[in-house]
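For reference, model07.csv (CSV, C-alpha atoms and all ligand atoms):
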```csv
chain,number,residue,atom,x,y,z
A,20,MET,CA,65.6,37.6,-28.8
A,21,SER,CA,68.1,38.0,-31.7
A,22,ALA,CA,66.8,37.0,-35.1
A,23,VAL,CA,68.8,34.6,-37.3
A,24,ARG,CA,70.2,37.0,-40.0
A,25,SER,CA,73.0,35.0,-41.7
A,26,ARG,CA,72.5,31.6,-43.1
A,27,THR,CA,75.6,29.5,-43.1
A,28,LEU,CA,74.7,25.9,-42.5
A,29,PRO,CA,73.7,24.6,-40.2
A,30,VAL,CA,71.7,27.7,-39.3
A,31,ALA,CA,71.3,26.3,-35.8
A,32,ARG,CA,71.0,23.1,-33.9
A,33,LEU,CA,67.5,22.5,-32.5
A,34,GLY,CA,67.1,20.3,-29.4
A,35,ILE,CA,63.7,18.5,-29.0
A,36,ILE,CA,62.7,16.9,-25.8
A,37,GLY,CA,60.5,14.0,-26.7
A,38,GLY,CA,60.8,11.8,-29.7
A,39,GLY,CA,57.2,11.0,-30.6
A,40,GLN,CA,55.2,11.8,-33.7
A,41,LEU,CA,55.3,15.5,-33.1
A,42,ALA,CA,59.1,15.4,-33.1
A,43,ARG,CA,59.0,13.2,-36.2
A,44,MET,CA,56.9,15.9,-38.1
A,45,LEU,CA,59.0,18.8,-36.6
A,46,VAL,CA,62.4,17.4,-37.7
A,47,PRO,CA,62.0,17.6,-41.5
A,48,GLU,CA,60.7,21.2,-41.2
A,49,ALA,CA,63.8,22.2,-39.1
A,50,ALA,CA,66.0,20.5,-41.7
A,51,ARG,CA,64.3,22.3,-44.5
A,52,LEU,CA,65.1,25.6,-42.8
A,53,GLY,CA,68.7,24.5,-42.4
A,54,CYS,CA,68.8,23.3,-38.8
A,55,GLU,CA,70.2,20.1,-37.4
A,56,THR,CA,68.2,18.4,-34.7
A,57,VAL,CA,68.9,16.4,-31.6
A,58,VAL,CA,66.1,14.5,-29.9
A,59,LEU,CA,66.0,13.3,-26.3
A,60,ASP,CA,63.9,10.3,-25.7
A,61,PRO,CA,64.1,7.1,-23.6
A,62,THR,CA,63.1,4.8,-26.5
A,63,PRO,CA,66.0,3.9,-28.9
A,64,ALA,CA,65.2,4.9,-32.5
A,65,SER,CA,62.1,6.8,-31.4
A,66,PRO,CA,59.8,8.1,-34.2
A,67,GLY,CA,61.4,11.5,-34.0
A,68,GLY,CA,64.9,10.3,-33.0
A,69,GLU,CA,65.0,8.1,-36.1
A,70,LEU,CA,64.8,11.1,-38.4
A,71,ALA,CA,66.9,13.6,-36.3
A,72,THR,CA,70.6,14.3,-36.8
A,73,ARG,CA,71.1,12.5,-33.5
A,74,GLN,CA,69.2,11.0,-30.6
A,75,ILE,CA,70.2,11.1,-26.9
A,76,GLU,CA,68.7,8.3,-25.0
A,77,GLY,CA,67.3,9.5,-21.6
A,78,THR,CA,64.2,10.3,-19.7
A,79,PHE,CA,62.6,13.7,-19.3
A,80,ASP,CA,63.6,14.0,-15.7
A,81,ASP,CA,67.2,13.0,-16.1
A,82,ALA,CA,69.1,16.3,-15.3
A,83,GLY,CA,72.3,14.9,-16.8
A,84,ARG,CA,70.8,14.0,-20.2
A,85,LEU,CA,68.8,17.3,-20.3
A,86,ARG,CA,72.1,19.2,-19.7
A,87,GLU,CA,73.8,17.2,-22.5
A,88,LEU,CA,71.0,18.1,-24.9
A,89,VAL,CA,70.7,21.8,-24.2
A,90,SER,CA,74.5,22.3,-24.0
A,91,GLY,CA,74.9,21.0,-27.6
A,92,CYS,CA,72.0,23.0,-29.1
A,93,THR,CA,71.3,26.6,-30.0
A,94,VAL,CA,67.7,26.4,-28.8
A,95,THR,CA,65.9,23.6,-27.1
A,96,THR,CA,62.2,23.0,-27.4
A,97,TYR,CA,59.8,20.2,-26.5
A,98,GLU,CA,57.0,18.1,-27.8
A,99,ILE,CA,55.9,16.6,-24.5
A,100,GLU,CA,54.7,18.2,-21.2
A,101,THR,CA,56.0,15.7,-18.6
A,102,ILE,CA,59.5,17.2,-18.2
A,103,ASP,CA,61.2,18.1,-15.0
A,104,THR,CA,60.8,21.9,-15.1
A,105,ASP,CA,63.2,22.5,-12.1
A,106,ALA,CA,66.0,20.9,-14.1
A,107,LEU,CA,65.0,23.1,-17.1
A,108,ARG,CA,65.0,26.2,-15.0
A,109,VAL,CA,68.5,25.6,-13.7
A,110,LEU,CA,69.7,25.2,-17.3
A,111,GLU,CA,67.9,28.3,-18.4
A,112,ALA,CA,69.4,30.3,-15.5
A,113,GLU,CA,72.8,29.2,-16.8
A,114,GLY,CA,72.0,30.9,-20.1
A,115,HIS,CA,70.7,28.0,-22.2
A,116,ARG,CA,67.8,28.9,-24.5
A,117,ILE,CA,64.8,26.8,-23.8
A,118,ILE,CA,61.6,27.8,-25.6
A,119,PRO,CA,58.7,27.9,-24.6
A,120,ALA,CA,60.2,29.0,-21.3
A,121,PRO,CA,60.3,26.5,-18.4
A,122,ALA,CA,58.1,28.9,-16.4
A,123,VAL,CA,55.4,28.7,-19.1
A,124,LEU,CA,55.6,24.9,-19.0
A,125,ALA,CA,55.4,24.8,-15.2
A,126,VAL,CA,52.1,26.7,-15.2
A,127,ILE,CA,50.6,24.6,-18.0
A,128,GLN,CA,51.7,21.3,-16.3
A,129,ASP,CA,49.3,22.2,-13.4
A,130,LYS,CA,45.8,22.4,-14.7
A,131,LEU,CA,44.7,24.5,-11.7
A,132,LEU,CA,47.5,27.1,-12.1
A,133,GLN,CA,46.8,27.2,-15.8
A,134,LYS,CA,43.1,27.9,-15.2
A,135,GLU,CA,43.9,30.5,-12.6
A,136,ARG,CA,46.3,32.3,-14.9
A,137,LEU,CA,43.7,32.3,-17.7
A,138,ALA,CA,40.9,33.5,-15.5
A,139,ALA,CA,43.1,36.3,-14.0
A,140,ALA,CA,43.7,37.5,-17.6
A,141,GLY,CA,39.9,37.7,-18.2
A,142,ILE,CA,39.8,34.6,-20.5
A,143,PRO,CA,36.4,32.9,-20.2
A,144,VAL,CA,36.9,29.4,-18.7
A,145,PRO,CA,34.4,27.0,-17.0
A,146,GLU,CA,33.8,27.8,-13.4
A,147,PHE,CA,36.3,25.9,-11.3
A,148,ARG,CA,37.6,25.3,-7.8
A,149,ALA,CA,40.7,23.7,-6.3
A,150,LEU,CA,40.3,20.4,-4.5
A,151,ASP,CA,43.4,19.8,-2.4
A,152,GLU,CA,42.4,16.2,-1.6
A,153,PRO,CA,39.7,13.8,-2.9
A,154,ASP,CA,36.5,14.9,-1.1
A,155,PRO,CA,33.1,13.6,-2.3
A,156,MET,CA,31.3,16.0,0.1
A,157,ALA,CA,33.1,19.1,-1.3
A,158,MET,CA,32.4,17.8,-4.8
A,159,ALA,CA,28.7,17.4,-4.2
A,160,ALA,CA,28.7,20.9,-2.6
A,161,PHE,CA,30.2,22.3,-5.8
A,162,GLY,CA,27.2,20.9,-7.7
A,163,LEU,CA,26.7,18.3,-10.3
A,164,PRO,CA,27.3,17.6,-13.1
A,165,LEU,CA,31.0,18.3,-12.7
A,166,VAL,CA,34.3,17.3,-14.1
A,167,GLN,CA,37.2,16.4,-11.8
A,168,LYS,CA,40.7,16.8,-13.2
A,169,ALA,CA,44.0,15.8,-11.7
A,170,ARG,CA,46.2,18.8,-11.4
A,171,ARG,CA,49.2,17.0,-13.0
A,172,GLY,CA,50.0,14.2,-15.3
A,173,GLY,CA,46.8,13.8,-17.3
A,174,TYR,CA,46.6,13.5,-21.1
A,175,ASP,CA,44.2,12.1,-23.7
A,176,GLY,CA,41.4,12.1,-21.1
A,177,ARG,CA,43.5,10.2,-18.4
A,178,GLY,CA,43.2,12.2,-15.2
A,179,VAL,CA,39.7,13.5,-16.1
A,180,ALA,CA,36.5,12.1,-14.4
A,181,VAL,CA,33.0,13.1,-15.1
A,182,PHE,CA,30.3,12.9,-12.4
A,183,THR,CA,26.8,13.4,-13.8
A,184,ASP,CA,24.3,13.0,-11.0
A,185,VAL,CA,26.1,11.4,-8.1
A,186,VAL,CA,29.6,11.4,-6.8
A,187,ILE,CA,30.7,7.7,-6.7
A,188,GLU,CA,33.5,7.6,-4.2
A,189,GLU,CA,35.4,4.8,-6.0
A,190,GLN,CA,35.6,6.9,-9.1
A,191,VAL,CA,37.0,10.0,-7.5
A,192,LEU,CA,40.6,10.7,-8.7
A,193,PRO,CA,43.3,10.5,-6.0
A,194,GLY,CA,45.7,13.3,-5.3
A,195,PRO,CA,45.4,17.1,-5.7
A,196,SER,CA,42.9,18.0,-8.3
A,197,MET,CA,40.3,20.6,-9.3
A,198,VAL,CA,36.7,20.5,-10.1
A,199,GLU,CA,34.9,22.4,-12.8
A,200,ARG,CA,31.4,22.8,-14.2
A,201,TYR,CA,30.5,20.1,-16.7
A,202,ILE,CA,29.9,22.0,-20.0
A,203,ASP,CA,27.1,20.8,-22.3
A,204,TYR,CA,28.9,21.8,-25.5
A,205,ARG,CA,27.8,22.0,-29.1
A,206,CYS,CA,31.3,21.1,-30.2
A,207,GLU,CA,35.0,21.1,-29.2
A,208,LEU,CA,37.2,23.6,-31.1
A,209,ALA,CA,40.9,24.2,-31.2
A,210,VAL,CA,42.9,27.2,-32.3
A,211,LEU,CA,46.6,27.0,-33.0
A,212,VAL,CA,48.5,30.1,-32.1
A,213,ALA,CA,52.1,31.0,-32.9
A,214,ARG,CA,53.8,33.7,-30.9
A,215,GLY,CA,57.3,35.0,-31.8
A,216,GLY,CA,60.0,36.2,-29.4
A,217,ASP,CA,59.0,39.8,-30.3
A,218,GLY,CA,55.4,39.1,-29.2
A,219,GLU,CA,53.9,38.9,-32.7
A,220,THR,CA,51.1,36.4,-32.9
A,221,ARG,CA,49.4,34.5,-35.7
A,222,SER,CA,46.5,32.1,-35.4
A,223,TRP,CA,45.3,29.5,-37.9
A,224,PRO,CA,41.7,28.9,-38.9
A,225,VAL,CA,39.5,27.4,-36.1
A,226,VAL,CA,39.2,23.6,-36.3
A,227,GLU,CA,36.5,21.3,-35.0
A,228,MET,CA,37.6,18.3,-33.0
A,229,VAL,CA,35.6,15.0,-32.8
A,230,PHE,CA,36.8,12.6,-30.2
A,231,ASP,CA,36.7,8.8,-30.2
A,232,ASP,CA,34.1,7.6,-27.8
A,233,ARG,CA,36.2,4.7,-26.5
A,234,ALA,CA,38.7,7.1,-24.9
A,235,ASN,CA,39.3,10.8,-25.1
A,236,VAL,CA,41.6,10.5,-28.1
A,237,LEU,CA,41.1,12.8,-31.1
A,238,ASP,CA,39.4,11.0,-33.9
A,239,LEU,CA,38.5,13.5,-36.6
A,240,LEU,CA,39.4,17.0,-37.4
A,241,LEU,CA,37.6,19.5,-39.6
A,242,ALA,CA,39.1,22.7,-40.9
A,243,PRO,CA,37.4,25.1,-40.9
A,244,ALA,CA,35.0,24.4,-38.0
A,245,ARG,CA,31.3,24.5,-38.9
A,246,ILE,CA,30.6,27.6,-36.9
A,247,GLU,CA,29.5,31.1,-37.6
A,248,PRO,CA,32.4,33.4,-38.8
A,249,GLU,CA,31.9,35.8,-35.8
A,250,LEU,CA,32.4,32.9,-33.4
A,251,ALA,CA,35.5,31.8,-35.3
A,252,GLU,CA,36.9,35.3,-35.0
A,253,LEU,CA,36.1,35.4,-31.3
A,254,ALA,CA,37.7,32.0,-30.8
A,255,ARG,CA,40.9,33.1,-32.5
A,256,SER,CA,41.1,36.3,-30.4
A,257,LEU,CA,40.5,34.3,-27.1
A,258,ALA,CA,43.2,31.8,-28.1
A,259,ILE,CA,45.7,34.6,-28.8
A,260,GLY,CA,44.7,36.2,-25.5
A,261,ALA,CA,45.4,33.0,-23.7
A,262,VAL,CA,48.9,32.6,-25.2
A,263,GLU,CA,49.6,36.2,-24.5
A,264,ALA,CA,48.5,35.7,-20.9
A,265,LEU,CA,51.2,33.0,-20.5
A,266,GLU,CA,53.7,35.0,-22.5
A,267,GLY,CA,54.5,31.9,-24.4
A,268,VAL,CA,56.8,31.7,-27.4
A,269,GLY,CA,56.4,29.0,-30.0
A,270,VAL,CA,53.3,27.2,-31.3
A,271,PHE,CA,50.4,26.5,-28.8
A,272,GLY,CA,47.3,24.4,-29.2
A,273,VAL,CA,44.3,26.1,-27.4
A,274,GLU,CA,41.3,23.8,-26.8
A,275,LEU,CA,37.9,25.5,-26.4
A,276,PHE,CA,34.2,24.5,-25.9
A,277,LEU,CA,31.4,26.1,-27.8
A,278,THR,CA,28.4,25.8,-25.5
A,279,ARG,CA,24.9,25.2,-26.7
A,280,SER,CA,24.0,28.7,-25.7
A,281,GLY,CA,26.8,30.0,-28.0
A,282,GLU,CA,29.4,30.8,-25.4
A,283,LEU,CA,33.1,30.2,-26.0
A,284,LEU,CA,35.2,28.9,-23.1
A,285,VAL,CA,38.8,28.0,-23.1
A,286,ASN,CA,39.4,24.4,-21.9
A,287,GLU,CA,43.2,24.0,-21.9
A,288,ILE,CA,46.4,24.9,-23.6
A,289,ALA,CA,49.2,22.7,-24.9
A,290,PRO,CA,52.7,24.4,-25.0
A,291,ARG,CA,53.6,22.7,-28.2
A,292,THR,CA,52.4,21.6,-31.6
A,293,HIS,CA,49.1,19.9,-31.3
A,294,ASN,CA,47.2,16.9,-32.8
A,295,SER,CA,44.5,19.4,-33.9
A,296,GLY,CA,47.1,21.1,-36.2
A,297,HIS,CA,48.3,18.2,-38.3
A,298,TRP,CA,46.0,19.3,-41.1
A,299,THR,CA,48.2,22.4,-41.6
A,300,ILE,CA,50.9,20.3,-43.2
A,301,GLU,CA,49.0,20.1,-46.4
A,302,GLY,CA,46.1,22.5,-45.7
A,303,CYS,CA,48.0,25.7,-45.0
A,304,HIS,CA,50.9,27.6,-46.5
A,305,THR,CA,52.8,27.4,-43.3
A,306,SER,CA,52.4,24.2,-41.2
A,307,GLN,CA,52.4,24.3,-37.4
A,308,PHE,CA,55.7,22.5,-37.5
A,309,GLU,CA,57.5,24.9,-39.8
A,310,GLN,CA,56.0,27.8,-37.8
A,311,HIS,CA,57.2,26.4,-34.5
A,312,VAL,CA,60.8,26.2,-35.9
A,313,ARG,CA,60.5,29.8,-37.1
A,314,ALA,CA,59.1,31.0,-33.8
A,315,VAL,CA,61.6,29.4,-31.5
A,316,MET,CA,64.6,30.2,-33.8
A,317,GLY,CA,63.6,33.9,-33.9
A,318,MET,CA,62.8,33.8,-37.6
A,319,ALA,CA,59.9,35.7,-39.2
A,320,LEU,CA,56.6,33.9,-38.9
A,321,GLY,CA,54.9,32.6,-42.0
A,322,THR,CA,51.3,33.1,-43.2
A,323,THR,CA,48.7,30.9,-41.5
A,324,GLU,CA,46.3,31.2,-44.4
A,325,ARG,CA,44.7,27.9,-45.5
A,326,ARG,CA,45.0,26.5,-49.0
A,327,ALA,CA,41.6,24.8,-49.0
A,328,PRO,CA,39.1,23.2,-46.6
A,329,THR,CA,40.8,20.2,-45.1
A,330,VAL,CA,40.0,17.2,-42.8
A,331,SER,CA,42.0,14.6,-41.1
A,332,ALA,CA,41.5,11.4,-39.2
A,333,ASN,CA,43.7,9.8,-36.7
A,334,VAL,CA,44.8,6.2,-37.3
A,335,LEU,CA,44.5,4.5,-33.9
A,336,GLY,CA,45.7,1.1,-32.9
A,337,ASP,CA,42.9,-1.4,-33.4
A,338,VAL,CA,44.4,-4.5,-31.7
A,339,GLU,CA,43.9,-5.8,-28.2
A,340,GLU,CA,47.4,-7.0,-27.5
A,341,ARG,CA,50.6,-5.1,-28.0
A,342,GLN,CA,52.3,-6.4,-31.2
A,343,PRO,CA,54.6,-5.4,-34.0
A,344,ALA,CA,52.9,-2.9,-36.2
A,345,THR,CA,52.0,-3.9,-39.8
A,346,LEU,CA,49.6,-1.5,-41.5
A,347,VAL,CA,47.1,-3.1,-43.9
A,348,GLY,CA,44.8,-1.4,-46.4
A,349,GLU,CA,46.7,1.7,-47.3
A,350,GLU,CA,46.3,1.4,-51.1
A,351,SER,CA,43.1,3.4,-51.2
A,352,VAL,CA,44.6,6.2,-49.2
A,353,LEU,CA,47.6,6.3,-51.4
A,354,SER,CA,45.6,6.2,-54.6
A,355,THR,CA,43.0,8.9,-53.7
A,356,PRO,CA,44.0,12.3,-55.1
A,357,ARG,CA,44.6,15.0,-52.4
A,358,SER,CA,44.8,12.3,-49.7
A,359,HIS,CA,47.9,12.0,-47.6
A,360,LEU,CA,49.1,9.2,-45.4
A,361,HIS,CA,51.2,10.0,-42.3
A,362,TRP,CA,52.8,7.0,-40.7
A,363,TYR,CA,54.5,7.7,-37.4
A,364,GLY,CA,57.0,4.9,-37.5
A,365,LYS,CA,56.0,3.3,-34.2
A,366,HIS,CA,57.3,-0.2,-34.2
A,367,ASP,CA,54.6,-1.6,-31.9
A,368,VAL,CA,50.9,-1.1,-32.0
A,369,TYR,CA,48.4,-1.4,-29.1
A,370,GLU,CA,44.8,-0.5,-28.6
A,371,LEU,CA,44.1,3.2,-29.4
A,372,ARG,CA,47.8,4.1,-29.8
A,373,LYS,CA,48.2,7.0,-32.2
A,374,MET,CA,49.9,5.4,-35.2
A,375,GLY,CA,49.4,7.9,-37.9
A,376,HIS,CA,46.8,10.1,-39.6
A,377,VAL,CA,45.2,10.7,-43.0
A,378,THR,CA,44.6,14.2,-44.3
A,379,LEU,CA,42.3,15.0,-47.2
A,380,VAL,CA,42.5,18.4,-48.8
A,381,GLY,CA,39.4,19.8,-50.6
A,382,GLY,CA,39.1,21.8,-53.8
A,383,GLU,CA,40.6,25.3,-53.5
A,384,ASP,CA,37.6,27.4,-54.4
A,385,GLY,CA,34.8,25.2,-53.1
A,386,ASP,CA,32.2,26.2,-50.5
A,387,ALA,CA,33.9,25.6,-47.2
A,388,GLU,CA,30.8,24.3,-45.2
A,389,SER,CA,29.5,21.7,-47.6
A,390,ASP,CA,33.0,20.7,-48.6
A,391,THR,CA,34.1,19.8,-45.1
A,392,ASP,CA,30.9,17.7,-44.6
A,393,ASP,CA,31.7,15.7,-47.8
A,394,LEU,CA,35.4,15.5,-47.1
A,395,LEU,CA,34.6,14.2,-43.6
A,396,GLY,CA,32.7,11.2,-44.9
A,397,GLU,CA,35.5,10.5,-47.3
A,398,VAL,CA,38.4,10.7,-44.9
A,399,ARG,CA,36.5,8.6,-42.4
A,400,ALA,CA,36.0,5.9,-45.0
A,401,LEU,CA,39.7,6.0,-46.1
A,402,ARG,CA,40.8,5.8,-42.5
A,403,ASP,CA,38.4,3.0,-41.6
A,404,GLY,CA,40.0,1.0,-44.4
A,405,LEU,CA,43.2,0.9,-42.4
A,406,THR,CA,43.9,-1.8,-39.9
A,407,PHE,CA,46.7,-3.5,-37.9
A,408,ARG,CA,44.8,-6.7,-37.6
A,409,GLN,CA,46.4,-9.5,-39.6
A,501,LIG,N1,34.3,21.0,-18.1
A,501,LIG,C1,34.1,20.1,-19.0
A,501,LIG,N2,32.9,19.8,-19.4
A,501,LIG,C2,32.6,18.8,-20.3
A,501,LIG,N3,33.6,18.0,-20.8
A,501,LIG,C3,34.8,18.2,-20.5
A,501,LIG,C4,35.2,19.3,-19.5
A,501,LIG,N4,36.5,19.3,-19.4
A,501,LIG,C5,37.0,18.3,-20.1
A,501,LIG,N5,36.0,17.6,-20.8
A,501,LIG,C6,36.1,16.5,-21.8
A,501,LIG,O1,37.3,15.7,-21.4
A,501,LIG,C7,38.3,15.8,-22.4
A,501,LIG,C8,39.7,15.8,-21.8
A,501,LIG,O2,39.8,16.9,-20.9
A,501,LIG,P1,41.0,17.9,-21.0
A,501,LIG,O3,40.9,18.9,-19.9
A,501,LIG,O4,41.2,18.4,-22.3
A,501,LIG,O5,42.2,16.9,-20.6
A,501,LIG,P2,43.4,16.2,-21.4
A,501,LIG,O6,44.6,16.7,-20.8
A,501,LIG,O7,43.2,14.7,-21.1
A,501,LIG,O8,43.2,16.6,-22.9
A,501,LIG,C9,37.9,17.1,-23.2
A,501,LIG,O9,38.4,17.1,-24.5
A,501,LIG,C10,36.4,17.1,-23.1
A,501,LIG,O10,35.9,16.2,-24.1
A,502,MG,MG,42.6,18.2,-23.8
```
Can you turn what I pasted into structure tokens?
Amino acid sequence: MSAVRSRTLPVARLGIIGGGQLARMLVPEAARLGCETVVLDPTPASPGGELATRQIEGTFDDAGRLRELVSGCTVTTYEIETIDTDALRVLEAEGHRIIPAPAVLAVIQDKLLQKERLAAAGIPVPEFRALDEPDPMAMAAFGLPLVQKARRGGYDGRGVAVFTDVVIEEQVLPGPSMVERYIDYRCELAVLVARGGDGETRSWPVVEMVFDDRANVLDLLLAPARIEPELAELARSLAIGAVEALEGVGVFGVELFLTRSGELLVNEIAPRTHNSGHWTIEGCHTSQFEQHVRAVMGMALGTTERRAPTVSANVLGDVEERQPATLVGEESVLSTPRSHLHWYGKHDVYELRKMGHVTLVGGEDGDAESDTDDLLGEVRALRDGLTFRQ
């Protein structure tokens, strides 16, 4: 890929498929590096589209709108996985630059293909098997406890079913799926990896993810993770190996399990910036969003060093009925030093919708382990003071 060497403005025009919060955080970073942005999203004035140079209204399987987007942009990337990859492949074959490549997205969209690719590259993953159609007998024969995953279309825990000691037929997911061993994990980790067009890779410090019990939505994030340094090193090298196995270019979020016996297993990969990387905006010298722009534009990658131990907490919708979003209680977040409020600009709130996040950055030369524990309590309290209830 040719690097950007001259810098007349705009340096380039970046297309972004998807106008959610990830696009909203990507757009200012692209602008800072001199790029215009065009967002494709079906919702008028989407969180990302509102900040972009322009928004095209259209769905992610609308071949005409996808063509309009990539035709007007130097490079097109995405912040969402549910895109028609056949349409993208046609546009790529015509010479349009789409990064990460549609072939990478196609593998990741299918959880079975993704796991097969990782396993073939020697990346440790939970033991798994294809399940072409719902089949309680075959599931029981695989052995319990197990996790059934729809091959396509799942996110934030939708499309994942856990069977602990019996396969209840009504709870079996319909359609083509896979089953895998239920992992009794000590914690869930994530490693963000950036890979440039020249194959150079950079990973950020390993983070620990804590999920909200009510749904599989990320609740809290600790950076660095409270694990031994050797495990952290191993997690980073496995994550890099996983992205190399896919030959992906851009920023990728790699989710892992640390088992109670100290084993690291890769769970899944997101071909985009990731919720587990929001802390890098204030916590690192190069955020995941800036790095993604650099990687897809062929610019040099930035350092992934952290500035200080950092934690963040997602602000989720806490109302039962969908309603216009009015945030209450943000004063303490705004008045606490080193705390940062991120508001995604979603006009409506509903239960568990990702509405924003709060990041709290620790002291620069503190002891990482005790700092993150203290910071965690503090960020949780700040976040718990926010509500959408009137
Ligand atoms: N093999 C497994 N063992 C135990 N828990 C799992 C397993 N696979 C997934 N989970 C749990 O379900 C969550 C969602 O599964 P994941 O495969 O990451 O799907 P999604 O696309 O919804 O993020 C994980 O974050 C983890 O908490
Ligand atoms: Mg996941």
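For ligand LIG 501 (chain A), the protein and nucleic acid residues at most 7 Å away, judged by all atoms listed in the file, amount to Pro145, Leu165, Val166, Gly173, Tyr174, Asp175, Gly176, Arg177, Gly178, Val179, Glu199, Arg200, Tyr201, Ile202, Asp203, Asn235, Asn286 and Glu287 of chain A.
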Problem - Among the residues A:Ala213, A:Ile117, A:Ala157, A:Val225, the one that comes closest to A:Thr305 [using all atoms listed in the file] - result: A:Ala213
Exercise for the section: Write out as number ranges by chain each polymer residue whose atoms come within 12 Å of A:Ile127, counting all atoms listed in the file; drop sequence neighbours fewer than 6 positions from it. Expected result: A: 99-102, 104, 119-121, 133-137, 170-173, 261-262, 264-267, 271-273, 286-291
Exercise for the section: Return the single residue from A:Phe308, A:Phe182, A:Phe276, A:Tyr363 that is closest to ligand MG 502 (chain A), with distances computed using all atoms listed in the file. Expected result: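 Comparing A:Phe308, A:Phe182, A:Phe276, A:Tyr363 against ligand MG 502 (chain A), the winner is A:Phe276.
If you measure from each of A:Lys168, A:Arg148, A:Arg214, A:Arg116 to ligand MG 502 (chain A) using only C-alpha atoms and all ligand atoms, the closest one turns out to be A:Lys168.
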Handout entry: Distance in Å - atom CA of A:Lys373 versus atom CA of A:Gln40
Key =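 Computing the Euclidean distance for atom CA of A:Lys373 and atom CA of A:Gln40 yields 8.6 Å.
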Handout entry: Å distance separating atom CA of A:Glu76 from atom CA of A:Ala314, one decimal place
Key =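 Atom CA of A:Ala314 lies at a distance of 26.2 Å from atom CA of A:Glu76.
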Problem - Among listed residues A:Pro143, A:Gly296, A:Gly216, A:Gly381, nearest A:Met44 (using all atoms listed in the file) - result: A:Gly296
Exercise for the section: Kindly indicate which residue among A:Ala234, A:Val368, A:Leu132, A:Met318 lies nearest to A:Ser25, using all atoms listed in the file for the distances. Expected result: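 Among the listed residues, the smallest separation from A:Ser25 belongs to A:Met318.
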Exercise for the section: Would you mind telling me which residue in A:Ile300, A:Leu360, A:Val210, A:Ala149 lies nearest to A:Pro195 when using all atoms listed in the file? Expected result: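 Once distances to A:Pro195 are computed over all atoms listed in the file, the minimum belongs to A:Ala149.
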Fill in the blank from the handout: note - atom CA of A:Gly404 and atom CA of A:Val347 are separated by 8.2 Å
Problem - Close residues, A:Ile118 itself excluded, 12 Å, all atoms listed in the file, min 6 positions apart in chain, as a PyMOL selection string - result: chain A and resi 20+33-36+89+92-98+107-108+110-111+124+214-216+266-271+290-291+311-317
What would stretch 146-155 of chain A look like with N, CA, C and O atoms in place, written as a PDB file, in the coordinates of the input?
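Full text of selection.pdb as output:
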```
ATOM      1  N   GLU A 146      33.590  27.521 -14.810  1.00  0.00           N
ATOM      2  CA  GLU A 146      33.800  27.800 -13.400  1.00  0.00           C
ATOM      3  C   GLU A 146      34.511  26.649 -12.720  1.00  0.00           C
ATOM      4  O   GLU A 146      34.221  25.485 -13.009  1.00  0.00           O
ATOM      5  N   PHE A 147      35.472  26.947 -11.877  1.00  0.00           N
ATOM      6  CA  PHE A 147      36.300  25.900 -11.300  1.00  0.00           C
ATOM      7  C   PHE A 147      36.642  26.189  -9.849  1.00  0.00           C
ATOM      8  O   PHE A 147      36.482  27.317  -9.385  1.00  0.00           O
ATOM      9  N   ARG A 148      37.127  25.152  -9.175  1.00  0.00           N
ATOM     10  CA  ARG A 148      37.600  25.300  -7.800  1.00  0.00           C
ATOM     11  C   ARG A 148      38.673  24.293  -7.483  1.00  0.00           C
ATOM     12  O   ARG A 148      38.634  23.172  -8.010  1.00  0.00           O
ATOM     13  N   ALA A 149      39.613  24.673  -6.651  1.00  0.00           N
ATOM     14  CA  ALA A 149      40.700  23.700  -6.300  1.00  0.00           C
ATOM     15  C   ALA A 149      40.129  22.672  -5.337  1.00  0.00           C
ATOM     16  O   ALA A 149      39.202  22.922  -4.557  1.00  0.00           O
ATOM     17  N   LEU A 150      40.671  21.467  -5.438  1.00  0.00           N
ATOM     18  CA  LEU A 150      40.300  20.400  -4.500  1.00  0.00           C
ATOM     19  C   LEU A 150      41.616  19.746  -4.076  1.00  0.00           C
ATOM     20  O   LEU A 150      42.211  18.938  -4.789  1.00  0.00           O
ATOM     21  N   ASP A 151      42.070  20.156  -2.900  1.00  0.00           N
ATOM     22  CA  ASP A 151      43.400  19.800  -2.400  1.00  0.00           C
ATOM     23  C   ASP A 151      43.529  18.262  -2.238  1.00  0.00           C
ATOM     24  O   ASP A 151      44.581  17.680  -2.447  1.00  0.00           O
ATOM     25  N   GLU A 152      42.437  17.643  -1.770  1.00  0.00           N
ATOM     26  CA  GLU A 152      42.400  16.200  -1.600  1.00  0.00           C
ATOM     27  C   GLU A 152      41.075  15.650  -2.037  1.00  0.00           C
ATOM     28  O   GLU A 152      40.101  16.407  -2.042  1.00  0.00           O
ATOM     29  N   PRO A 153      41.003  14.354  -2.427  1.00  0.00           N
ATOM     30  CA  PRO A 153      39.700  13.800  -2.900  1.00  0.00           C
ATOM     31  C   PRO A 153      38.676  13.994  -1.764  1.00  0.00           C
ATOM     32  O   PRO A 153      38.926  13.648  -0.609  1.00  0.00           O
ATOM     33  N   ASP A 154      37.532  14.563  -2.089  1.00  0.00           N
ATOM     34  CA  ASP A 154      36.500  14.900  -1.100  1.00  0.00           C
ATOM     35  C   ASP A 154      35.140  14.896  -1.702  1.00  0.00           C
ATOM     36  O   ASP A 154      34.681  15.916  -2.224  1.00  0.00           O
ATOM     37  N   PRO A 155      34.454  13.722  -1.673  1.00  0.00           N
ATOM     38  CA  PRO A 155      33.100  13.600  -2.300  1.00  0.00           C
ATOM     39  C   PRO A 155      32.134  14.652  -1.802  1.00  0.00           C
ATOM     40  O   PRO A 155      31.320  15.157  -2.578  1.00  0.00           O
TER      41      PRO A 155
END
```
